[in-house]
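Pasting run15.txt here (compact mmCIF, N, CA and C atoms and all ligand atoms):
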# COMPACT_ATOMS: atom_id res chain seq x y z
N MET A 78 -67.17 -76.00 138.49
CA MET A 78 -67.29 -76.36 137.07
C MET A 78 -68.13 -75.31 136.35
N ASP A 79 -67.61 -74.72 135.30
CA ASP A 79 -68.43 -73.72 134.60
C ASP A 79 -69.35 -74.41 133.61
N LYS A 80 -70.21 -73.62 133.05
CA LYS A 80 -71.26 -74.16 132.19
C LYS A 80 -70.69 -74.88 130.97
N ALA A 81 -69.62 -74.31 130.42
CA ALA A 81 -69.04 -74.90 129.21
C ALA A 81 -68.52 -76.31 129.50
N GLU A 82 -67.89 -76.46 130.66
CA GLU A 82 -67.32 -77.76 131.02
C GLU A 82 -68.40 -78.82 131.19
N GLU A 83 -69.53 -78.39 131.72
CA GLU A 83 -70.62 -79.33 131.94
C GLU A 83 -71.13 -79.90 130.63
N LEU A 84 -70.93 -79.17 129.57
CA LEU A 84 -71.49 -79.60 128.30
C LEU A 84 -70.46 -80.28 127.43
N GLU A 85 -69.47 -80.85 128.08
CA GLU A 85 -68.46 -81.61 127.37
C GLU A 85 -68.37 -82.96 128.08
N ALA A 86 -68.21 -84.01 127.32
CA ALA A 86 -68.08 -85.33 127.95
C ALA A 86 -67.09 -86.17 127.18
N THR A 87 -66.31 -86.95 127.93
CA THR A 87 -65.33 -87.85 127.33
C THR A 87 -65.73 -89.28 127.69
N PHE A 88 -65.58 -90.16 126.74
CA PHE A 88 -65.98 -91.56 126.95
C PHE A 88 -64.78 -92.47 126.74
N ARG A 89 -64.68 -93.49 127.59
CA ARG A 89 -63.53 -94.39 127.54
C ARG A 89 -63.94 -95.80 127.11
N CYS A 90 -62.99 -96.47 126.49
CA CYS A 90 -63.20 -97.85 126.05
C CYS A 90 -63.36 -98.74 127.28
N SER A 91 -64.37 -99.58 127.27
CA SER A 91 -64.63 -100.44 128.43
C SER A 91 -63.62 -101.58 128.52
N ILE A 92 -62.83 -101.78 127.46
CA ILE A 92 -61.83 -102.85 127.50
C ILE A 92 -60.47 -102.33 127.94
N CYS A 93 -60.01 -101.24 127.29
CA CYS A 93 -58.62 -100.80 127.54
C CYS A 93 -58.51 -99.42 128.19
N ASP A 94 -59.64 -98.74 128.39
CA ASP A 94 -59.65 -97.43 129.05
C ASP A 94 -59.07 -96.30 128.19
N GLN A 95 -58.72 -96.58 126.94
CA GLN A 95 -58.33 -95.49 126.03
C GLN A 95 -59.58 -94.67 125.71
N GLU A 96 -59.34 -93.45 125.21
CA GLU A 96 -60.48 -92.62 124.86
C GLU A 96 -61.23 -93.21 123.66
N ALA A 97 -62.53 -93.36 123.81
CA ALA A 97 -63.36 -93.86 122.71
C ALA A 97 -63.89 -92.69 121.89
N GLY A 98 -64.13 -91.58 122.59
CA GLY A 98 -64.64 -90.41 121.89
C GLY A 98 -64.96 -89.31 122.88
N ARG A 99 -65.21 -88.12 122.35
CA ARG A 99 -65.65 -87.03 123.21
C ARG A 99 -66.63 -86.16 122.45
N VAL A 100 -67.48 -85.51 123.20
CA VAL A 100 -68.46 -84.63 122.57
C VAL A 100 -68.44 -83.28 123.28
N ARG A 101 -68.76 -82.24 122.52
CA ARG A 101 -68.92 -80.93 123.12
C ARG A 101 -70.08 -80.22 122.45
N PHE A 102 -70.96 -79.73 123.30
CA PHE A 102 -72.14 -79.04 122.79
C PHE A 102 -71.85 -77.55 122.62
N TYR A 103 -72.22 -77.02 121.47
CA TYR A 103 -72.09 -75.59 121.22
C TYR A 103 -73.47 -74.99 121.03
N ALA A 104 -73.76 -74.01 121.85
CA ALA A 104 -75.04 -73.32 121.72
C ALA A 104 -75.04 -72.55 120.41
N ALA A 105 -76.21 -72.17 120.00
CA ALA A 105 -76.36 -71.42 118.76
C ALA A 105 -75.46 -70.19 118.74
N GLY A 106 -74.68 -70.04 117.69
CA GLY A 106 -73.88 -68.84 117.53
C GLY A 106 -72.56 -68.86 118.27
N GLU A 107 -72.38 -69.83 119.17
CA GLU A 107 -71.13 -69.93 119.92
C GLU A 107 -70.04 -70.48 118.99
N PRO A 108 -68.89 -69.81 118.89
CA PRO A 108 -67.87 -70.32 117.97
C PRO A 108 -67.28 -71.63 118.48
N VAL A 109 -66.93 -72.49 117.56
CA VAL A 109 -66.30 -73.76 117.92
C VAL A 109 -64.83 -73.50 118.24
N VAL A 110 -64.41 -73.89 119.45
CA VAL A 110 -63.03 -73.67 119.87
C VAL A 110 -62.20 -74.90 119.49
N ALA A 111 -61.14 -74.65 118.78
CA ALA A 111 -60.30 -75.76 118.34
C ALA A 111 -59.54 -76.34 119.53
N SER A 112 -59.50 -77.65 119.64
CA SER A 112 -58.63 -78.27 120.63
C SER A 112 -57.25 -78.43 119.98
N ASP A 113 -56.37 -79.16 120.64
CA ASP A 113 -55.00 -79.25 120.12
C ASP A 113 -54.89 -80.24 118.96
N ARG A 114 -56.00 -80.89 118.60
CA ARG A 114 -55.92 -81.87 117.53
C ARG A 114 -56.09 -81.23 116.16
N PRO A 115 -55.26 -81.63 115.21
CA PRO A 115 -55.37 -81.06 113.86
C PRO A 115 -56.77 -81.23 113.28
N ALA A 116 -57.38 -82.40 113.50
CA ALA A 116 -58.71 -82.65 112.95
C ALA A 116 -59.72 -81.67 113.54
N SER A 117 -59.50 -81.33 114.80
CA SER A 117 -60.39 -80.42 115.49
C SER A 117 -60.29 -79.01 114.91
N ARG A 118 -59.06 -78.62 114.59
CA ARG A 118 -58.88 -77.31 113.96
C ARG A 118 -59.63 -77.24 112.65
N ALA A 119 -59.61 -78.33 111.90
CA ALA A 119 -60.32 -78.37 110.63
C ALA A 119 -61.81 -78.14 110.85
N VAL A 120 -62.35 -78.74 111.91
CA VAL A 120 -63.77 -78.55 112.20
C VAL A 120 -64.07 -77.12 112.58
N ALA A 121 -63.17 -76.51 113.37
CA ALA A 121 -63.38 -75.11 113.76
C ALA A 121 -63.43 -74.23 112.53
N GLU A 122 -62.55 -74.51 111.58
CA GLU A 122 -62.56 -73.74 110.33
C GLU A 122 -63.84 -74.01 109.55
N LEU A 123 -64.22 -75.28 109.52
CA LEU A 123 -65.45 -75.67 108.84
C LEU A 123 -66.64 -74.98 109.47
N ASP A 124 -66.61 -74.89 110.80
CA ASP A 124 -67.74 -74.30 111.50
C ASP A 124 -67.89 -72.82 111.17
N VAL A 125 -66.76 -72.14 110.98
CA VAL A 125 -66.83 -70.73 110.59
C VAL A 125 -67.59 -70.62 109.27
N ILE A 126 -67.31 -71.55 108.38
CA ILE A 126 -68.00 -71.56 107.10
C ILE A 126 -69.47 -71.92 107.28
N LEU A 127 -69.70 -72.98 108.09
CA LEU A 127 -71.07 -73.44 108.31
C LEU A 127 -71.94 -72.37 108.94
N ARG A 128 -71.34 -71.61 109.87
CA ARG A 128 -72.14 -70.60 110.56
C ARG A 128 -72.65 -69.52 109.60
N LYS A 129 -71.90 -69.36 108.51
CA LYS A 129 -72.37 -68.38 107.53
C LYS A 129 -73.58 -68.90 106.76
N ILE A 130 -73.65 -70.22 106.63
CA ILE A 130 -74.75 -70.76 105.83
C ILE A 130 -75.85 -71.44 106.66
N ARG A 131 -75.52 -71.84 107.90
CA ARG A 131 -76.55 -72.52 108.68
C ARG A 131 -77.51 -71.48 109.26
N PRO A 132 -78.74 -71.89 109.53
CA PRO A 132 -79.71 -70.93 110.04
C PRO A 132 -79.25 -70.33 111.36
N ALA A 133 -79.55 -69.09 111.59
CA ALA A 133 -79.23 -68.47 112.88
C ALA A 133 -79.93 -69.28 113.95
N GLY A 134 -79.26 -69.49 115.08
CA GLY A 134 -79.89 -70.24 116.15
C GLY A 134 -79.66 -71.73 116.05
N GLN A 135 -78.82 -72.15 115.13
CA GLN A 135 -78.53 -73.59 115.01
C GLN A 135 -77.40 -73.98 115.96
N ALA A 136 -77.71 -74.84 116.90
CA ALA A 136 -76.67 -75.35 117.80
C ALA A 136 -75.99 -76.55 117.16
N SER A 137 -74.85 -76.93 117.70
CA SER A 137 -74.19 -78.11 117.15
C SER A 137 -73.48 -78.91 118.24
N LEU A 138 -73.28 -80.17 117.93
CA LEU A 138 -72.53 -81.06 118.81
C LEU A 138 -71.31 -81.51 118.03
N VAL A 139 -70.12 -81.18 118.55
CA VAL A 139 -68.90 -81.64 117.90
C VAL A 139 -68.55 -83.00 118.50
N VAL A 140 -68.47 -83.99 117.63
CA VAL A 140 -68.23 -85.37 118.06
C VAL A 140 -66.85 -85.78 117.55
N GLU A 141 -65.94 -86.04 118.50
CA GLU A 141 -64.59 -86.49 118.14
C GLU A 141 -64.51 -87.99 118.37
N THR A 142 -64.09 -88.70 117.34
CA THR A 142 -63.96 -90.15 117.48
C THR A 142 -62.61 -90.56 116.92
N PHE A 143 -62.37 -91.87 116.92
CA PHE A 143 -61.11 -92.41 116.41
C PHE A 143 -61.02 -92.26 114.89
N TYR A 144 -62.09 -91.99 114.19
CA TYR A 144 -61.99 -91.85 112.74
C TYR A 144 -62.16 -90.42 112.27
N GLY A 145 -62.34 -89.48 113.18
CA GLY A 145 -62.43 -88.10 112.73
C GLY A 145 -63.25 -87.23 113.66
N VAL A 146 -63.47 -86.02 113.23
CA VAL A 146 -64.23 -85.05 114.01
C VAL A 146 -65.35 -84.53 113.13
N GLU A 147 -66.55 -84.53 113.69
CA GLU A 147 -67.67 -84.03 112.92
C GLU A 147 -68.50 -83.07 113.75
N SER A 148 -69.03 -82.08 113.06
CA SER A 148 -69.94 -81.15 113.70
C SER A 148 -71.36 -81.54 113.31
N GLN A 149 -72.13 -82.04 114.29
CA GLN A 149 -73.50 -82.49 114.02
C GLN A 149 -74.48 -81.38 114.36
N PRO A 150 -75.40 -81.08 113.47
CA PRO A 150 -76.41 -80.07 113.80
C PRO A 150 -77.32 -80.56 114.93
N VAL A 151 -77.76 -79.65 115.77
CA VAL A 151 -78.70 -79.98 116.84
C VAL A 151 -79.94 -79.13 116.65
N TRP A 152 -81.04 -79.76 116.34
CA TRP A 152 -82.27 -79.02 116.10
C TRP A 152 -82.79 -78.48 117.41
N PRO A 153 -83.43 -77.30 117.39
CA PRO A 153 -83.87 -76.64 118.63
C PRO A 153 -84.66 -77.57 119.56
N GLU A 154 -85.51 -78.42 119.01
CA GLU A 154 -86.33 -79.29 119.87
C GLU A 154 -85.51 -80.38 120.56
N ARG A 155 -84.25 -80.53 120.12
CA ARG A 155 -83.40 -81.56 120.73
C ARG A 155 -82.43 -81.00 121.75
N VAL A 156 -82.32 -79.66 121.83
CA VAL A 156 -81.27 -79.04 122.65
C VAL A 156 -81.37 -79.47 124.11
N GLN A 157 -82.59 -79.47 124.66
CA GLN A 157 -82.76 -79.83 126.08
C GLN A 157 -82.37 -81.27 126.36
N ALA A 158 -82.87 -82.17 125.53
CA ALA A 158 -82.56 -83.59 125.72
C ALA A 158 -81.07 -83.83 125.55
N LEU A 159 -80.49 -83.10 124.59
CA LEU A 159 -79.07 -83.30 124.34
C LEU A 159 -78.22 -82.80 125.51
N SER A 160 -78.52 -81.61 126.04
CA SER A 160 -77.67 -81.12 127.13
C SER A 160 -77.84 -82.01 128.36
N ARG A 161 -79.04 -82.54 128.57
CA ARG A 161 -79.23 -83.52 129.66
C ARG A 161 -78.35 -84.75 129.43
N ALA A 162 -78.33 -85.22 128.19
CA ALA A 162 -77.56 -86.42 127.86
C ALA A 162 -76.07 -86.19 128.07
N VAL A 163 -75.57 -85.02 127.64
CA VAL A 163 -74.14 -84.72 127.81
C VAL A 163 -73.80 -84.64 129.29
N ARG A 164 -74.66 -83.98 130.07
CA ARG A 164 -74.41 -83.85 131.51
C ARG A 164 -74.41 -85.21 132.20
N SER A 165 -75.26 -86.11 131.74
CA SER A 165 -75.36 -87.43 132.37
C SER A 165 -74.08 -88.23 132.17
N GLY A 166 -73.31 -87.89 131.12
CA GLY A 166 -72.10 -88.63 130.84
C GLY A 166 -72.38 -90.04 130.34
N GLU A 167 -73.62 -90.30 129.96
CA GLU A 167 -74.02 -91.63 129.47
C GLU A 167 -74.07 -91.62 127.95
N ALA A 168 -73.18 -92.39 127.33
CA ALA A 168 -73.18 -92.44 125.87
C ALA A 168 -74.50 -92.99 125.34
N SER A 169 -75.11 -93.89 126.12
CA SER A 169 -76.38 -94.48 125.66
C SER A 169 -77.47 -93.41 125.53
N ALA A 170 -77.41 -92.40 126.39
CA ALA A 170 -78.40 -91.32 126.32
C ALA A 170 -78.20 -90.50 125.04
N LEU A 171 -76.94 -90.26 124.68
CA LEU A 171 -76.64 -89.55 123.44
C LEU A 171 -77.06 -90.40 122.24
N TYR A 172 -76.71 -91.68 122.31
CA TYR A 172 -77.01 -92.61 121.22
C TYR A 172 -78.52 -92.72 121.01
N GLY A 173 -79.24 -92.59 122.13
CA GLY A 173 -80.69 -92.66 122.07
C GLY A 173 -81.31 -91.52 121.28
N ILE A 174 -80.62 -90.39 121.19
CA ILE A 174 -81.12 -89.26 120.40
C ILE A 174 -80.82 -89.53 118.93
N THR A 175 -79.56 -89.78 118.63
CA THR A 175 -79.18 -90.28 117.31
C THR A 175 -77.81 -90.94 117.42
N TYR A 176 -77.61 -92.01 116.69
CA TYR A 176 -76.35 -92.74 116.78
C TYR A 176 -75.16 -91.85 116.47
N ALA A 177 -75.37 -90.81 115.64
CA ALA A 177 -74.28 -89.94 115.22
C ALA A 177 -73.71 -89.13 116.38
N TYR A 178 -74.44 -89.03 117.50
CA TYR A 178 -73.96 -88.29 118.66
C TYR A 178 -73.02 -89.14 119.53
N ALA A 179 -73.06 -90.46 119.35
CA ALA A 179 -72.16 -91.34 120.14
C ALA A 179 -71.88 -92.61 119.35
N PRO A 180 -71.23 -92.48 118.19
CA PRO A 180 -71.02 -93.65 117.33
C PRO A 180 -70.09 -94.70 117.94
N PHE A 181 -69.33 -94.33 118.97
CA PHE A 181 -68.40 -95.25 119.63
C PHE A 181 -69.12 -96.16 120.63
N HIS A 182 -70.43 -95.94 120.79
CA HIS A 182 -71.24 -96.73 121.72
C HIS A 182 -71.83 -97.93 120.98
N CYS A 183 -71.75 -99.12 121.57
CA CYS A 183 -72.45 -100.27 121.00
C CYS A 183 -73.74 -100.47 121.79
N PRO A 184 -74.89 -100.25 121.14
CA PRO A 184 -76.16 -100.36 121.87
C PRO A 184 -76.49 -101.79 122.28
N ASP A 185 -75.87 -102.76 121.61
CA ASP A 185 -76.13 -104.16 121.98
C ASP A 185 -75.35 -104.58 123.21
N CYS A 186 -74.14 -104.00 123.35
CA CYS A 186 -73.32 -104.29 124.53
C CYS A 186 -73.58 -103.28 125.65
N HIS A 187 -74.26 -102.19 125.33
CA HIS A 187 -74.48 -101.10 126.28
C HIS A 187 -73.16 -100.54 126.81
N THR A 188 -72.16 -100.43 125.93
CA THR A 188 -70.89 -99.88 126.37
C THR A 188 -70.15 -99.26 125.19
N GLU A 189 -68.97 -98.65 125.49
CA GLU A 189 -68.20 -97.93 124.48
C GLU A 189 -66.89 -98.65 124.21
N TYR A 190 -66.42 -98.48 122.97
CA TYR A 190 -65.13 -99.05 122.59
C TYR A 190 -64.30 -98.03 121.83
N CYS A 191 -62.98 -98.16 121.93
CA CYS A 191 -62.06 -97.28 121.22
C CYS A 191 -61.83 -97.81 119.81
N GLY A 192 -61.00 -97.07 119.06
CA GLY A 192 -60.72 -97.44 117.68
C GLY A 192 -59.92 -98.71 117.51
N SER A 193 -59.22 -99.16 118.56
CA SER A 193 -58.51 -100.44 118.42
C SER A 193 -59.42 -101.60 118.73
N HIS A 194 -60.53 -101.34 119.41
CA HIS A 194 -61.42 -102.46 119.75
C HIS A 194 -62.63 -102.57 118.84
N TRP A 195 -63.05 -101.48 118.23
CA TRP A 195 -63.98 -101.59 117.10
C TRP A 195 -63.14 -102.06 115.91
N GLU A 196 -63.62 -103.02 115.19
CA GLU A 196 -62.95 -103.40 113.95
C GLU A 196 -63.65 -102.62 112.84
N TRP A 197 -63.08 -101.45 112.51
CA TRP A 197 -63.82 -100.50 111.66
C TRP A 197 -63.15 -100.29 110.31
N LYS A 198 -63.95 -99.90 109.33
CA LYS A 198 -63.42 -99.54 108.02
C LYS A 198 -64.31 -98.50 107.36
N ARG A 199 -63.67 -97.75 106.47
CA ARG A 199 -64.46 -96.80 105.68
C ARG A 199 -65.08 -97.52 104.49
N PHE A 200 -66.25 -97.11 104.09
CA PHE A 200 -66.85 -97.67 102.88
C PHE A 200 -67.34 -96.55 101.98
N GLU A 201 -67.48 -96.89 100.74
CA GLU A 201 -67.96 -95.89 99.79
C GLU A 201 -68.80 -96.60 98.75
N ASP A 202 -69.99 -96.12 98.50
CA ASP A 202 -70.74 -96.63 97.37
C ASP A 202 -71.06 -95.46 96.46
N GLU A 203 -71.97 -95.68 95.56
CA GLU A 203 -72.24 -94.69 94.53
C GLU A 203 -72.69 -93.36 95.14
N PHE A 204 -73.46 -93.42 96.20
CA PHE A 204 -74.10 -92.21 96.72
C PHE A 204 -73.54 -91.75 98.07
N HIS A 205 -72.97 -92.66 98.83
CA HIS A 205 -72.61 -92.31 100.20
C HIS A 205 -71.21 -92.82 100.54
N SER A 206 -70.63 -92.23 101.57
CA SER A 206 -69.45 -92.84 102.16
C SER A 206 -69.68 -92.83 103.67
N GLY A 207 -68.96 -93.67 104.35
CA GLY A 207 -69.17 -93.74 105.79
C GLY A 207 -68.18 -94.68 106.44
N VAL A 208 -68.50 -95.04 107.67
CA VAL A 208 -67.66 -95.94 108.44
C VAL A 208 -68.57 -97.01 109.02
N ASP A 209 -68.21 -98.28 108.82
CA ASP A 209 -68.95 -99.33 109.51
C ASP A 209 -67.98 -100.16 110.34
N ALA A 210 -68.52 -100.92 111.26
CA ALA A 210 -67.65 -101.59 112.23
C ALA A 210 -68.33 -102.75 112.92
N HIS A 211 -67.50 -103.68 113.39
CA HIS A 211 -67.94 -104.73 114.29
C HIS A 211 -67.35 -104.45 115.66
N CYS A 212 -68.17 -104.56 116.68
CA CYS A 212 -67.66 -104.40 118.04
C CYS A 212 -66.94 -105.69 118.43
N PRO A 213 -66.20 -105.68 119.55
CA PRO A 213 -65.44 -106.89 119.93
C PRO A 213 -66.32 -108.12 120.11
N ARG A 214 -67.62 -107.93 120.34
CA ARG A 214 -68.51 -109.09 120.51
C ARG A 214 -69.26 -109.41 119.22
N GLY A 215 -68.85 -108.73 118.12
CA GLY A 215 -69.36 -109.11 116.81
C GLY A 215 -70.62 -108.39 116.36
N HIS A 216 -71.07 -107.39 117.10
CA HIS A 216 -72.24 -106.62 116.65
C HIS A 216 -71.82 -105.67 115.53
N PHE A 217 -72.61 -105.66 114.46
CA PHE A 217 -72.29 -104.80 113.32
C PHE A 217 -73.08 -103.51 113.41
N HIS A 218 -72.39 -102.38 113.24
CA HIS A 218 -73.06 -101.08 113.24
C HIS A 218 -72.44 -100.15 112.22
N VAL A 219 -73.27 -99.30 111.63
CA VAL A 219 -72.76 -98.20 110.82
C VAL A 219 -72.48 -97.06 111.81
N LEU A 220 -71.24 -96.59 111.82
CA LEU A 220 -70.87 -95.54 112.78
C LEU A 220 -71.08 -94.15 112.19
N MET A 221 -70.91 -94.08 110.88
CA MET A 221 -71.05 -92.78 110.22
C MET A 221 -71.56 -93.02 108.82
N TYR A 222 -72.48 -92.17 108.37
CA TYR A 222 -73.06 -92.38 107.06
C TYR A 222 -73.32 -91.03 106.43
ZN ZN A 301 -71.52 -104.93 120.82
ZN ZN A 302 -60.05 -100.17 123.59
Let's see the structure in the file written out as structure tokens.
Amino acid sequence: MDKAEELEATFRCSICDQEAGRVRFYAAGEPVVASDRPASRAVAELDVILRKIRPAGQASLVVETFYGVESQPVWPERVQALSRAVRSGEASALYGITYAYAPFHCPDCHTEYCGSHWEWKRFEDEFHSGVDAHCPRGHFHVLMY
């Protein structure tokens, strides 16, 4: 297993075994490689733009979920904890750093769910938009904000 592979993790729904989400850590300055998903290509293009404006040395975690793909900034002081969390393959470890690194994880159930098992919707108010959801056991969480 090469280093790049170690820093990628896929998570499955504990109910149906479908993919709940995946994450890939990009070290500072490393270009984001598009996967075969159209949404992923959009992020790769976005990242080219972001790299021009983000501070040199800014690492990122690309988080793919059932509602989209996002490139989350990783602050230097979090890089070690984050790479440990990705290697562990534990969504709870990622979620423990920030929910945005593993939004498909329900901290109350201590497990992950896919987009058919989270009952999710987009919301928009005056200042923000995001995604909120109820897990199959009824726990309410904001997945993206
Ligand atoms: Zn739950
Ligand atoms: Zn499922």
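The spacing separating atom C of Glu96 (chain A) from atom N of Val109 (chain A) amounts to 22.3 Å.
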For atom C of Glu189 (chain A) and CA of Ser148 (chain A), the interatomic separation in Å (one decimal):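 That distance, rounded to one decimal, is 20.6 Å.
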Could you give me, as JSON lines, every chain A residue with an atom at most 6.5 Å from ligand ZN 302 (chain A), plus its closest atom pair and distance in Å to one decimal, counting all atoms listed in the file, rows ordered by chain then number?
{"residue": "A:Cys90", "atom": "CA", "partner": "A:ZN302", "partner_atom": "ZN", "distance": 4.6}
{"residue": "A:Ser91", "atom": "N", "partner": "A:ZN302", "partner_atom": "ZN", "distance": 5.7}
{"residue": "A:Ile92", "atom": "C", "partner": "A:ZN302", "partner_atom": "ZN", "distance": 4.9}
{"residue": "A:Cys93", "atom": "N", "partner": "A:ZN302", "partner_atom": "ZN", "distance": 3.9}
{"residue": "A:Asp94", "atom": "N", "partner": "A:ZN302", "partner_atom": "ZN", "distance": 5.0}
{"residue": "A:Gln95", "atom": "N", "partner": "A:ZN302", "partner_atom": "ZN", "distance": 5.1}
{"residue": "A:Tyr190", "atom": "C", "partner": "A:ZN302", "partner_atom": "ZN", "distance": 5.1}
{"residue": "A:Cys191", "atom": "N", "partner": "A:ZN302", "partner_atom": "ZN", "distance": 3.9}
{"residue": "A:Gly192", "atom": "N", "partner": "A:ZN302", "partner_atom": "ZN", "distance": 5.6}
{"residue": "A:Ser193", "atom": "C", "partner": "A:ZN302", "partner_atom": "ZN", "distance": 5.1}
{"residue": "A:His194", "atom": "N", "partner": "A:ZN302", "partner_atom": "ZN", "distance": 4.4}
{"residue": "A:Trp195", "atom": "N", "partner": "A:ZN302", "partner_atom": "ZN", "distance": 6.3}
When you count only C-alpha atoms, which of these residues is closest to Arg155 (chain A): A:Ser206, A:Thr175, A:Thr87, A:Thr188?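 Among A:Ser206, A:Thr175, A:Thr87, A:Thr188, it is A:Thr175 that comes nearest to Arg155 (chain A).
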Taking the backbone alone, and naming residues the way the document does, which bits of chain A are strand (DSSP E) by DSSP, as number ranges by chain? A: 85-89, 96-103, 136-142, 145-151, 182-183, 188-189, 196-201, 206-211, 217-221
Please give me, as JSON, numbers by chain, the residues lying within 6 Å of ligand ZN 301 (chain A) when counting all atoms listed in the file. {"A": [183, 184, 185, 186, 187, 212, 213, 214, 215, 216]}
So which residues touch Trp197 (chain A) within 9 Å, counting only C-alpha atoms, skipping near sequence neighbours fewer than 5 positions away, as a count of residues only? 8
What parts of region 78-203 of chain A does DSSP call alpha helix (DSSP H)? I'd like the answer as a count of residues only. 37
What separation in Å, quoted to one decimal, exists between CA of Ala97 (chain A) and CA of Tyr222 (chain A)? 18.5 Å
With only C-alpha atoms as the atoms that count, which of A:Leu171, A:Val146, A:Val100, A:Val219 lies nearest to Ala158 (chain A)?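 With only C-alpha atoms as the atom set, the closest residue is A:Leu171.
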Long-range neighbours of Ala105 (chain A) as a short mmCIF file (atom, residue, chain, number, x, y, z; two decimals) with N, CA and C atoms, in the coordinates of the input, 6 Å cut-off, only N, CA and C atoms, 2 positions minimum in chain:
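Saved the output as part27.cif:
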data_model
loop_
_atom_site.label_atom_id
_atom_site.label_comp_id
_atom_site.auth_asym_id
_atom_site.auth_seq_id
_atom_site.Cartn_x
_atom_site.Cartn_y
_atom_site.Cartn_z
N TYR A 103 -72.22 -77.02 121.47
CA TYR A 103 -72.09 -75.59 121.22
C TYR A 103 -73.47 -74.99 121.03
N GLU A 107 -72.38 -69.83 119.17
CA GLU A 107 -71.13 -69.93 119.92
C GLU A 107 -70.04 -70.48 118.99
N GLY A 134 -79.26 -69.49 115.08
CA GLY A 134 -79.89 -70.24 116.15
C GLY A 134 -79.66 -71.73 116.05
N GLN A 135 -78.82 -72.15 115.13
CA GLN A 135 -78.53 -73.59 115.01
C GLN A 135 -77.40 -73.98 115.96
N ALA A 136 -77.71 -74.84 116.90
CA ALA A 136 -76.67 -75.35 117.80
C ALA A 136 -75.99 -76.55 117.16
N SER A 137 -74.85 -76.93 117.70
CA SER A 137 -74.19 -78.11 117.15
C SER A 137 -73.48 -78.91 118.24
#
